[in-house]
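Novice: Structure provided below as structure tokens; questions to follow.
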Amino acid sequence: MAGYLVDDTRKVTTHRLFEMKQSGKKIAMLTSYDYSMARIVDGAGVDVILVGDSASNTMAGNVTTLPITLDQMIYHARSVVRGVTRALVVCDMPFGTYQVDPQDAVRNAVRIMQETGCDALKLEGGVEIIPAVKLILDAGIPVMGHLGLTPQSINKFGTYAVRAKEEAEASKLLSDAKALAEVGCFAITLEKIPAKLAAEVTRSIAVPTISIGAGGACDGQVLVVHDMLGMNKGFSPKFLRRYADLYSVITDAVGQYVSDVKSGDFPNSEEQY
Ligand code: KIV
């Protein structure tokens, strides 16, 4: 089935994303964590589906992304892959699976690729993780970087405020982005940093930048699907645009069902054998 706005139904590759940057075509990315949502998101024409470790929040109800395990990410990614035909599927490497030892990182990366069938991995961090990124790339696995507000480091930051407003952090972020691009990352997610800095990073590297709260100059945008569909009432950062109010839609539908069951209206004579 052709996507909502997409005539080109070929599978998206990392090379296609690079071409999109070169030709000025914007990249649309969203998260998904399960088969049913991934089918809808893919069918609607999203270019990249991220199996984010935000599954820890949206799926499991944890406060941070830290508790989600490798096995749990593999379960989510495998379910997503089954629902996707066109989008590039990127899976987050969860906290603790790549920071300790680069050899461990490549073993965990290989496990995710083999057991899920996803297309690429995303890792948070700058020059500190370059040894792990290099080994993963050497194993033939495409890597997306992630800089700025990296949620796996929330305990170090102590706040979800905008990152890299100060010169020292901004200049480290720019050199981290250059290092990740030079080593071979195919794209870099920039989370919650000033739009001006994100624009400079985007101009300075050959590979696409994907923004979440990093402004419109980036080569693409990503949102957490539950947030943009309005399934999550309490979360309203400035960067979030809500495209639906599924919280109300689902509450109304479920409320109507409860009322129909209680009144004996459901099932009616047509809805039984
Ligand atoms: O886990 C996630 O959903 C992410 C996005 C916020 C980019 O990493």
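Naming works like this for the structure tokens: A, B, ... for the chains as they're shown, residue 1 at the start of each chain, ligands 1 onward in shown order.
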Mind checking which residues fall within 6 Å of region 56-69 of chain A, counting only C-alpha atoms, ignoring those fewer than 3 positions away in the same chain, and posting them as a compact mmCIF listing (two decimals) with N, CA and C atoms, in the first residue's frame?
Specialist:
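Just written: part.txt:
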# COMPACT_ATOMS: atom_id res chain seq x y z
N ASP A 53 14.31 3.71 23.20
CA ASP A 53 14.27 3.19 24.57
C ASP A 53 13.27 4.01 25.39
N GLN A 72 14.26 -6.71 26.50
CA GLN A 72 13.00 -5.99 26.27
C GLN A 72 13.07 -5.18 24.97
N PHE A 95 20.57 1.54 27.87
CA PHE A 95 21.58 1.96 28.85
C PHE A 95 22.36 0.74 29.38
N GLN A 152 19.59 8.88 28.57
CA GLN A 152 20.28 7.88 29.41
C GLN A 152 21.23 8.55 30.41
Novice: Would you mind listing the residues within 6 Å of ligand 1, counting only C-alpha atoms and all ligand atoms, as an MDAnalysis selection string?
Specialist: chainID A and resid 31 52:54 224
Novice: Output N, CA and C atoms for every residue in that selection, as a JSON list (two decimals), in the first residue's frame.
Specialist:
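again-v2.json, freshly written:
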[["chain", "number", "residue", "atom", "x", "y", "z"],
["A", 31, "THR", "N", 8.75, 7.27, 16.53],
["A", 31, "THR", "CA", 9.00, 6.03, 17.26],
["A", 31, "THR", "C", 7.83, 5.07, 17.05],
["A", 52, "GLY", "N", 12.57, 3.33, 20.06],
["A", 52, "GLY", "CA", 13.28, 4.11, 21.06],
["A", 52, "GLY", "C", 13.27, 3.42, 22.41],
["A", 53, "ASP", "N", 14.31, 3.71, 23.20],
["A", 53, "ASP", "CA", 14.27, 3.19, 24.57],
["A", 53, "ASP", "C", 13.27, 4.01, 25.39],
["A", 54, "SER", "N", 12.61, 5.00, 24.75],
["A", 54, "SER", "CA", 11.45, 5.66, 25.36],
["A", 54, "SER", "C", 10.33, 4.65, 25.57],
["A", 224, "VAL", "N", 8.15, 11.25, 19.57],
["A", 224, "VAL", "CA", 7.64, 10.02, 20.18],
["A", 224, "VAL", "C", 6.17, 9.89, 19.76]]
Novice: Write down as a VMD selection string the residues belonging to region 79-129 of chain A that are assigned strand (DSSP E or B) by DSSP computed on the backbone.
Specialist: chain A and resid 88 to 92 120 to 122
Novice: Could you write those residues out with N, CA, C and O atoms, as a compact mmCIF listing (two decimals), in the first residue's frame?
Specialist:
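So selection_20.txt came out as:
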# COMPACT_ATOMS: atom_id res chain seq x y z
N LEU A 88 13.07 2.65 7.25
CA LEU A 88 14.30 2.15 7.87
C LEU A 88 14.00 1.99 9.37
O LEU A 88 13.53 2.94 10.00
N VAL A 89 14.28 0.81 9.92
CA VAL A 89 14.00 0.60 11.35
C VAL A 89 15.30 0.69 12.15
O VAL A 89 16.25 -0.06 11.91
N VAL A 90 15.32 1.65 13.07
CA VAL A 90 16.50 1.89 13.92
C VAL A 90 16.12 1.51 15.35
O VAL A 90 15.07 1.92 15.84
N CYS A 91 16.98 0.75 16.01
CA CYS A 91 16.70 0.34 17.40
C CYS A 91 17.72 1.00 18.34
O CYS A 91 18.92 0.99 18.07
N ASP A 92 17.22 1.58 19.43
CA ASP A 92 18.12 2.13 20.45
C ASP A 92 18.86 1.02 21.17
O ASP A 92 18.25 0.01 21.56
N ALA A 120 19.37 -0.75 11.70
CA ALA A 120 20.45 0.09 12.24
C ALA A 120 20.23 0.28 13.74
O ALA A 120 19.17 -0.04 14.27
N LEU A 121 21.25 0.81 14.40
CA LEU A 121 21.20 1.04 15.85
C LEU A 121 21.45 2.51 16.16
O LEU A 121 22.11 3.20 15.39
N LYS A 122 20.93 2.96 17.31
CA LYS A 122 21.22 4.32 17.77
C LYS A 122 21.87 4.24 19.14
O LYS A 122 21.42 3.49 20.00
Novice: Smallest atom-to-atom distance to Ile193 (chain A): which of A:Arg86, A:Lys172, A:Lys165, A:Lys178, using only C-alpha atoms?
Specialist: A:Lys165
Novice: Near Asp47 (chain A), within 12 Å and counting only C-alpha atoms, which residues show up once chain neighbours fewer than 5 positions away are dropped, as a VMD selection string?
Specialist: chain A and resid 3 to 6 8 to 14 16 to 17 20 25 to 31 38 41 to 42 84 to 90 210 220 to 222
Novice: What's around Ile212 (chain A) at 8 Å? Count only C-alpha atoms, leave out sequence neighbours fewer than 3 positions away in its own chain, and write the answer as a PyMOL selection string.
Specialist: chain A and resi 189-192+215+221-223+239
Novice: Mind pulling up the distance from CA of Asp176 (chain A) to CA of Ile129 (chain A)?
Specialist: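 Atom-to-atom, CA of Ile129 (chain A) and CA of Asp176 (chain A) are spaced 9.9 Å apart.
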